[in-house]
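One structure is given here, and the rest of the page talks about it.
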Amino acid sequence: MPEGLLPILVIIAAVVVYTIAKVVEHMRRSEQQWREVDKSKLREWDDDDDWDK
């Protein structure tokens, strides 16, 4: 292996692990917020709006 490759691979691995941890954290927070929302005030969204008219 080239001499400077190992530190670069360690940095890349650390960035990947950090990114995955942040995504999981945001997913958990999103799930918690969804559980806490007042679902009685939600309304069904109609995606069939005619934007061309």
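Chain identifiers are assigned as A, B, and so on, following the order in which chains appear in the structure tokens; residues are numbered from 1 within each chain, and ligands are numbered from 1 in order of appearance.
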* Taking the backbone alone, and naming residues the way the document does, which bits of chain A are alpha helix (DSSP H) by DSSP, as JSON, numbers by chain? -> {"A": [5, 6, 7, 8, 9, 10, 11, 12, 13, 14, 15, 16, 17, 18, 19, 20, 21, 22, 23, 24, 25, 26, 27, 28, 29, 30, 31, 32, 33, 34, 35, 36]}
Generate the output file for the selected residues, C-alpha atoms, as a short mmCIF file (atom, residue, chain, number, x, y, z; two decimals), in the first residue's frame.
```
data_model
loop_
_atom_site.label_atom_id
_atom_site.label_comp_id
_atom_site.auth_asym_id
_atom_site.auth_seq_id
_atom_site.Cartn_x
_atom_site.Cartn_y
_atom_site.Cartn_z
CA LEU A 5 -3.19 5.82 1.70
CA LEU A 6 -4.04 4.58 5.20
CA PRO A 7 -4.72 8.02 6.74
CA ILE A 8 -6.89 8.94 3.75
CA LEU A 9 -8.90 5.73 4.08
CA VAL A 10 -9.35 6.34 7.82
CA ILE A 11 -10.62 9.87 7.16
CA ILE A 12 -13.02 8.63 4.48
CA ALA A 13 -14.30 5.88 6.80
CA ALA A 14 -14.81 8.42 9.60
CA VAL A 15 -16.81 10.71 7.30
CA VAL A 16 -18.98 7.81 6.13
CA VAL A 17 -19.65 6.65 9.71
CA TYR A 18 -20.44 10.23 10.82
CA THR A 19 -22.84 10.72 7.90
CA ILE A 20 -24.66 7.46 8.58
CA ALA A 21 -24.95 8.33 12.29
CA LYS A 22 -26.43 11.75 11.46
CA VAL A 23 -28.97 10.24 9.03
CA VAL A 24 -30.08 7.70 11.65
CA GLU A 25 -30.35 10.47 14.26
CA HIS A 26 -32.52 12.58 11.95
CA MET A 27 -34.70 9.59 11.09
CA ARG A 28 -35.30 8.87 14.79
CA ARG A 29 -36.12 12.51 15.50
CA SER A 30 -38.52 12.56 12.55
CA GLU A 31 -40.28 9.42 13.78
CA GLN A 32 -40.60 10.92 17.27
CA GLN A 33 -42.05 14.15 15.90
CA TRP A 34 -44.51 12.18 13.76
CA ARG A 35 -45.68 10.24 16.84
CA GLU A 36 -46.22 13.51 18.73
#
```
